[in-house]
file input.txt (compact mmCIF, N, CA and C atoms)
# COMPACT_ATOMS: atom_id res chain seq x y z
N MET A 38 -7.61 -4.67 -13.35
CA MET A 38 -6.74 -3.66 -13.92
C MET A 38 -6.15 -2.76 -12.82
N THR A 39 -6.93 -2.52 -11.77
CA THR A 39 -6.47 -1.65 -10.69
C THR A 39 -5.19 -2.19 -10.05
N GLU A 40 -5.12 -3.49 -9.86
CA GLU A 40 -3.92 -4.09 -9.25
C GLU A 40 -2.70 -3.88 -10.13
N GLN A 41 -2.87 -4.02 -11.44
CA GLN A 41 -1.76 -3.81 -12.38
C GLN A 41 -1.31 -2.35 -12.33
N VAL A 42 -2.26 -1.44 -12.25
CA VAL A 42 -1.93 -0.01 -12.17
C VAL A 42 -1.21 0.28 -10.85
N MET A 43 -1.67 -0.32 -9.76
CA MET A 43 -1.01 -0.13 -8.46
C MET A 43 0.45 -0.59 -8.52
N GLU A 44 0.68 -1.73 -9.15
CA GLU A 44 2.05 -2.24 -9.27
C GLU A 44 2.93 -1.26 -10.05
N LEU A 45 2.38 -0.70 -11.12
CA LEU A 45 3.13 0.28 -11.90
C LEU A 45 3.43 1.52 -11.08
N VAL A 46 2.46 2.03 -10.36
CA VAL A 46 2.67 3.23 -9.53
C VAL A 46 3.75 2.96 -8.49
N GLN A 47 3.69 1.82 -7.85
CA GLN A 47 4.69 1.49 -6.83
C GLN A 47 6.08 1.36 -7.46
N THR A 48 6.16 0.79 -8.64
CA THR A 48 7.43 0.64 -9.34
C THR A 48 7.97 1.99 -9.80
N LEU A 49 7.09 2.87 -10.24
CA LEU A 49 7.51 4.16 -10.80
C LEU A 49 7.73 5.24 -9.74
N GLY A 50 7.54 4.93 -8.49
CA GLY A 50 7.85 5.92 -7.47
C GLY A 50 6.81 6.13 -6.40
N GLY A 51 5.79 5.32 -6.36
CA GLY A 51 4.76 5.49 -5.35
C GLY A 51 4.87 4.52 -4.20
N ALA A 52 6.00 3.83 -4.10
CA ALA A 52 6.17 2.85 -3.02
C ALA A 52 6.14 3.57 -1.67
N GLY A 53 5.62 2.89 -0.67
CA GLY A 53 5.57 3.45 0.67
C GLY A 53 4.33 4.28 0.94
N GLN A 54 3.42 4.34 -0.01
CA GLN A 54 2.19 5.10 0.17
C GLN A 54 1.15 4.24 0.88
N ASN A 55 0.19 4.89 1.48
CA ASN A 55 -0.93 4.19 2.11
C ASN A 55 -1.64 3.37 1.03
N GLU A 56 -1.74 2.07 1.25
CA GLU A 56 -2.27 1.17 0.22
C GLU A 56 -3.74 1.46 -0.10
N ASP A 57 -4.52 1.82 0.90
CA ASP A 57 -5.93 2.13 0.64
C ASP A 57 -6.09 3.37 -0.22
N VAL A 58 -5.29 4.39 0.06
CA VAL A 58 -5.34 5.63 -0.73
C VAL A 58 -4.87 5.34 -2.15
N LEU A 59 -3.78 4.59 -2.26
CA LEU A 59 -3.25 4.25 -3.58
C LEU A 59 -4.25 3.44 -4.40
N ARG A 60 -4.91 2.49 -3.76
CA ARG A 60 -5.92 1.67 -4.45
C ARG A 60 -7.08 2.55 -4.94
N MET A 61 -7.51 3.50 -4.12
CA MET A 61 -8.59 4.39 -4.50
C MET A 61 -8.18 5.27 -5.69
N LEU A 62 -6.97 5.83 -5.64
CA LEU A 62 -6.48 6.66 -6.74
C LEU A 62 -6.37 5.86 -8.04
N CYS A 63 -5.86 4.64 -7.95
CA CYS A 63 -5.70 3.80 -9.14
C CYS A 63 -7.05 3.40 -9.72
N ALA A 64 -7.99 3.05 -8.86
CA ALA A 64 -9.33 2.68 -9.34
C ALA A 64 -10.00 3.86 -10.02
N ASN A 65 -9.87 5.06 -9.44
CA ASN A 65 -10.47 6.25 -10.04
C ASN A 65 -9.77 6.64 -11.34
N ALA A 66 -8.48 6.44 -11.41
CA ALA A 66 -7.76 6.71 -12.66
C ALA A 66 -8.25 5.78 -13.76
N CYS A 67 -8.46 4.51 -13.43
CA CYS A 67 -8.99 3.55 -14.41
C CYS A 67 -10.38 3.97 -14.87
N ARG A 68 -11.22 4.39 -13.94
CA ARG A 68 -12.57 4.84 -14.31
C ARG A 68 -12.53 6.07 -15.20
N ALA A 69 -11.63 7.01 -14.88
CA ALA A 69 -11.52 8.23 -15.69
C ALA A 69 -11.12 7.90 -17.12
N LEU A 70 -10.20 6.97 -17.27
CA LEU A 70 -9.77 6.59 -18.61
C LEU A 70 -10.82 5.74 -19.32
N ASP A 71 -11.51 4.88 -18.58
CA ASP A 71 -12.58 4.06 -19.17
C ASP A 71 -13.61 4.95 -19.86
N ARG A 72 -13.95 6.06 -19.22
CA ARG A 72 -14.96 6.98 -19.78
C ARG A 72 -14.49 7.63 -21.06
N ARG A 73 -13.17 7.66 -21.28
CA ARG A 73 -12.63 8.32 -22.47
C ARG A 73 -12.40 7.36 -23.63
N LEU A 74 -12.59 6.07 -23.40
CA LEU A 74 -12.40 5.10 -24.48
C LEU A 74 -13.50 5.22 -25.52
N LYS A 75 -13.15 5.00 -26.76
CA LYS A 75 -14.15 5.02 -27.83
C LYS A 75 -15.09 3.84 -27.63
N ASP A 76 -16.32 4.00 -28.12
CA ASP A 76 -17.31 2.93 -28.03
C ASP A 76 -16.74 1.64 -28.62
N GLY A 77 -16.92 0.57 -27.90
CA GLY A 77 -16.48 -0.74 -28.37
C GLY A 77 -15.07 -1.11 -27.95
N LEU A 78 -14.28 -0.15 -27.45
CA LEU A 78 -12.93 -0.44 -26.98
C LEU A 78 -12.93 -0.72 -25.49
N THR A 79 -12.05 -1.61 -25.08
CA THR A 79 -11.88 -1.89 -23.66
C THR A 79 -10.45 -1.55 -23.24
N ALA A 80 -10.21 -1.50 -21.97
CA ALA A 80 -8.87 -1.24 -21.45
C ALA A 80 -7.89 -2.29 -21.97
N GLU A 81 -8.33 -3.52 -22.06
CA GLU A 81 -7.48 -4.61 -22.53
C GLU A 81 -7.08 -4.42 -23.99
N ASP A 82 -7.96 -3.80 -24.79
CA ASP A 82 -7.64 -3.53 -26.19
C ASP A 82 -6.45 -2.58 -26.32
N CYS A 83 -6.25 -1.76 -25.33
CA CYS A 83 -5.18 -0.76 -25.35
C CYS A 83 -3.84 -1.34 -24.91
N GLN A 84 -3.85 -2.56 -24.46
CA GLN A 84 -2.67 -3.27 -23.99
C GLN A 84 -1.95 -2.47 -22.91
N GLY A 85 -0.66 -2.27 -23.02
CA GLY A 85 0.12 -1.61 -21.97
C GLY A 85 -0.11 -0.13 -21.83
N ALA A 86 -0.69 0.51 -22.83
CA ALA A 86 -0.88 1.96 -22.77
C ALA A 86 -1.89 2.36 -21.70
N PHE A 87 -2.94 1.59 -21.54
CA PHE A 87 -3.99 1.94 -20.57
C PHE A 87 -3.46 1.93 -19.13
N PRO A 88 -2.83 0.82 -18.68
CA PRO A 88 -2.35 0.84 -17.29
C PRO A 88 -1.27 1.89 -17.04
N LEU A 89 -0.45 2.16 -18.05
CA LEU A 89 0.58 3.18 -17.87
C LEU A 89 -0.06 4.56 -17.74
N ALA A 90 -1.03 4.87 -18.58
CA ALA A 90 -1.73 6.16 -18.48
C ALA A 90 -2.44 6.28 -17.14
N ALA A 91 -3.07 5.21 -16.69
CA ALA A 91 -3.76 5.23 -15.40
C ALA A 91 -2.76 5.43 -14.26
N ALA A 92 -1.59 4.81 -14.37
CA ALA A 92 -0.55 4.98 -13.35
C ALA A 92 -0.07 6.42 -13.32
N TRP A 93 0.10 7.04 -14.48
CA TRP A 93 0.50 8.45 -14.53
C TRP A 93 -0.53 9.33 -13.85
N LEU A 94 -1.79 9.06 -14.13
CA LEU A 94 -2.85 9.84 -13.49
C LEU A 94 -2.78 9.70 -11.97
N ALA A 95 -2.71 8.47 -11.51
CA ALA A 95 -2.68 8.23 -10.06
C ALA A 95 -1.46 8.88 -9.42
N MET A 96 -0.30 8.78 -10.08
CA MET A 96 0.91 9.40 -9.53
C MET A 96 0.80 10.91 -9.50
N ASP A 97 0.19 11.48 -10.53
CA ASP A 97 0.01 12.93 -10.57
C ASP A 97 -0.91 13.38 -9.45
N TRP A 98 -2.01 12.68 -9.27
CA TRP A 98 -2.94 13.02 -8.19
C TRP A 98 -2.26 12.88 -6.84
N LEU A 99 -1.45 11.84 -6.69
CA LEU A 99 -0.73 11.62 -5.45
C LEU A 99 0.27 12.75 -5.22
N ARG A 100 1.01 13.10 -6.24
CA ARG A 100 2.02 14.16 -6.14
C ARG A 100 1.36 15.51 -5.84
N CYS A 101 0.28 15.82 -6.52
CA CYS A 101 -0.42 17.09 -6.28
C CYS A 101 -0.97 17.14 -4.86
N GLY A 102 -1.42 16.02 -4.37
CA GLY A 102 -1.96 15.95 -3.01
C GLY A 102 -0.90 16.14 -1.95
N GLN A 103 0.36 15.94 -2.32
CA GLN A 103 1.46 16.11 -1.38
C GLN A 103 2.10 17.49 -1.49
N GLY A 104 1.53 18.34 -2.35
CA GLY A 104 2.05 19.69 -2.49
C GLY A 104 3.34 19.78 -3.27
N LEU A 105 3.64 18.81 -4.12
CA LEU A 105 4.89 18.81 -4.87
C LEU A 105 4.75 19.37 -6.28
N GLU A 106 3.56 19.77 -6.65
CA GLU A 106 3.33 20.28 -7.99
C GLU A 106 4.16 21.54 -8.25
N GLY A 107 4.85 21.56 -9.35
CA GLY A 107 5.61 22.74 -9.74
C GLY A 107 7.02 22.82 -9.19
N ILE A 108 7.44 21.91 -8.32
CA ILE A 108 8.80 21.94 -7.78
C ILE A 108 9.76 21.48 -8.86
N THR A 109 10.74 22.34 -9.17
CA THR A 109 11.69 22.02 -10.22
C THR A 109 13.10 21.78 -9.69
N ALA A 110 13.37 22.15 -8.45
CA ALA A 110 14.70 21.95 -7.88
C ALA A 110 14.62 21.90 -6.36
N LEU A 111 15.50 21.10 -5.77
CA LEU A 111 15.56 20.97 -4.32
C LEU A 111 17.02 20.77 -3.95
N SER A 112 17.53 21.54 -3.00
CA SER A 112 18.91 21.41 -2.55
C SER A 112 18.92 21.10 -1.07
N ALA A 113 19.95 20.40 -0.59
CA ALA A 113 20.04 20.09 0.82
C ALA A 113 20.96 21.06 1.56
N GLY A 114 22.11 21.43 0.97
CA GLY A 114 23.01 22.39 1.60
C GLY A 114 22.40 23.79 1.55
N ASP A 115 22.26 24.44 2.67
CA ASP A 115 21.62 25.74 2.81
C ASP A 115 20.14 25.70 2.42
N ILE A 116 19.58 24.58 2.27
CA ILE A 116 18.17 24.29 1.95
C ILE A 116 17.51 25.33 1.05
N SER A 117 17.24 24.93 -0.14
CA SER A 117 16.49 25.79 -1.07
C SER A 117 15.56 24.91 -1.89
N VAL A 118 14.39 25.44 -2.16
CA VAL A 118 13.40 24.76 -2.99
C VAL A 118 12.96 25.75 -4.05
N ARG A 119 12.92 25.29 -5.30
CA ARG A 119 12.46 26.16 -6.37
C ARG A 119 11.17 25.58 -6.93
N ARG A 120 10.17 26.44 -7.02
CA ARG A 120 8.87 26.06 -7.58
C ARG A 120 8.58 27.01 -8.73
N GLU A 121 8.35 26.43 -9.90
CA GLU A 121 8.04 27.24 -11.07
C GLU A 121 6.74 26.76 -11.67
N GLY A 122 5.97 27.68 -12.21
CA GLY A 122 4.66 27.34 -12.73
C GLY A 122 4.63 26.87 -14.16
N GLY A 123 5.53 27.28 -14.99
CA GLY A 123 5.44 26.94 -16.41
C GLY A 123 6.73 26.38 -16.93
N GLY A 124 6.72 26.15 -18.25
CA GLY A 124 7.93 25.73 -18.91
C GLY A 124 8.12 24.23 -19.04
N ASP A 125 7.32 23.44 -18.35
CA ASP A 125 7.48 22.00 -18.51
C ASP A 125 6.51 21.51 -19.58
N SER A 126 6.55 20.23 -19.83
CA SER A 126 5.72 19.69 -20.90
C SER A 126 4.35 19.24 -20.39
N GLY A 127 3.95 19.71 -19.21
CA GLY A 127 2.64 19.38 -18.68
C GLY A 127 2.72 18.38 -17.56
N THR A 128 1.62 18.30 -16.82
CA THR A 128 1.57 17.36 -15.73
C THR A 128 1.38 15.96 -16.28
N LEU A 129 1.58 14.98 -15.42
CA LEU A 129 1.35 13.60 -15.84
C LEU A 129 -0.08 13.40 -16.29
N SER A 130 -1.02 14.08 -15.63
CA SER A 130 -2.42 13.97 -16.03
C SER A 130 -2.63 14.45 -17.46
N GLN A 131 -2.03 15.56 -17.80
CA GLN A 131 -2.16 16.08 -19.15
C GLN A 131 -1.55 15.13 -20.16
N ARG A 132 -0.43 14.51 -19.83
CA ARG A 132 0.22 13.57 -20.75
C ARG A 132 -0.57 12.28 -20.87
N ALA A 133 -1.25 11.88 -19.81
CA ALA A 133 -2.00 10.62 -19.84
C ALA A 133 -3.17 10.71 -20.79
N PHE A 134 -3.79 11.89 -20.91
CA PHE A 134 -4.94 12.06 -21.80
C PHE A 134 -4.45 12.44 -23.16
call {"tool": "encode", "arguments": {"input": "input.txt", "output": "structure tokens"}}
result
Amino acid sequence: MTEQVMELVQTLGGAGQNEDVLRMLCANACRALDRRLKDGLTAEDCQGAFPLAAAWLAMDWLRCGQGLEGITALSAGDISVRREGGGDSGTLSQRAF
């Protein structure tokens, strides 16, 4: 499952990341979701929802680790960055759970 999650992360915007770090994040995201499954359910029972949720978790952890959390706008001319704390629909981690 970790390989499938890695492919999703790379497709959704995580390409170019250190593969070892990405593999660790994806494996941990899978473990975090595994612990939340109801008794008797497996990741495979969830079909495409499980790897997508795990990919969101891994991408969120990757993004937070790069200091991009809360950035809502970035301009190149006269360089400006806007970071806001609220008003969005939650982090990818919150949406994954």
call {"tool": "closest_residue", "arguments": {"input": "input.txt", "among": "A:Glu56, A:Asp82, A:Ala69, A:Ala91", "to": "Val42 (chain A)", "atoms": "only C-alpha atoms"}}
result
A:Ala91
call {"tool": "residues_around", "arguments": {"input": "input.txt", "residues": "Gln47 (chain A)", "least_positions_apart": "3", "cutoff": "12 Å", "atoms": "only C-alpha atoms", "output": "PyMOL selection string"}}
result
chain A and resi 40-44+50-56+59-60+63+89+92-93+95-96+99
call {"tool": "atom_distance", "arguments": {"input": "input.txt", "atom1": "CA of Asp97 (chain A)", "atom2": "CA of Thr48 (chain A)"}}
result
14.4 Å
call {"tool": "closest_residue", "arguments": {"input": "input.txt", "among": "A:Met38, A:Gly77, A:Leu94, A:Cys101", "to": "Leu62 (chain A)", "atoms": "only N, CA and C atoms"}}
result
A:Leu94
call {"tool": "residues_near_point", "arguments": {"input": "input.txt", "point": "(-13.4, 2.3, -17.8)", "cutoff": "12 Å", "atoms": "only C-alpha atoms", "output": "list in words"}}
result
Met38, Thr39, Cys63, Ala64, Asn65, Ala66, Cys67, Arg68, Ala69, Leu70, Asp71, Arg72, Arg73, Leu74, Lys75, Asp76, Gly77, Leu78, Thr79, Ala80, Glu81, Asp82, Cys83, Phe87, Pro88 and Ala91 of chain A
call {"tool": "atom_distance", "arguments": {"input": "input.txt", "atom1": "atom C of Arg100 (chain A)", "atom2": "atom N of Gln84 (chain A)"}}
result
26.5 Å
call {"tool": "atom_distance", "arguments": {"input": "input.txt", "atom1": "CA of Trp98 (chain A)", "atom2": "atom C of Asp57 (chain A)"}}
result
12.9 Å
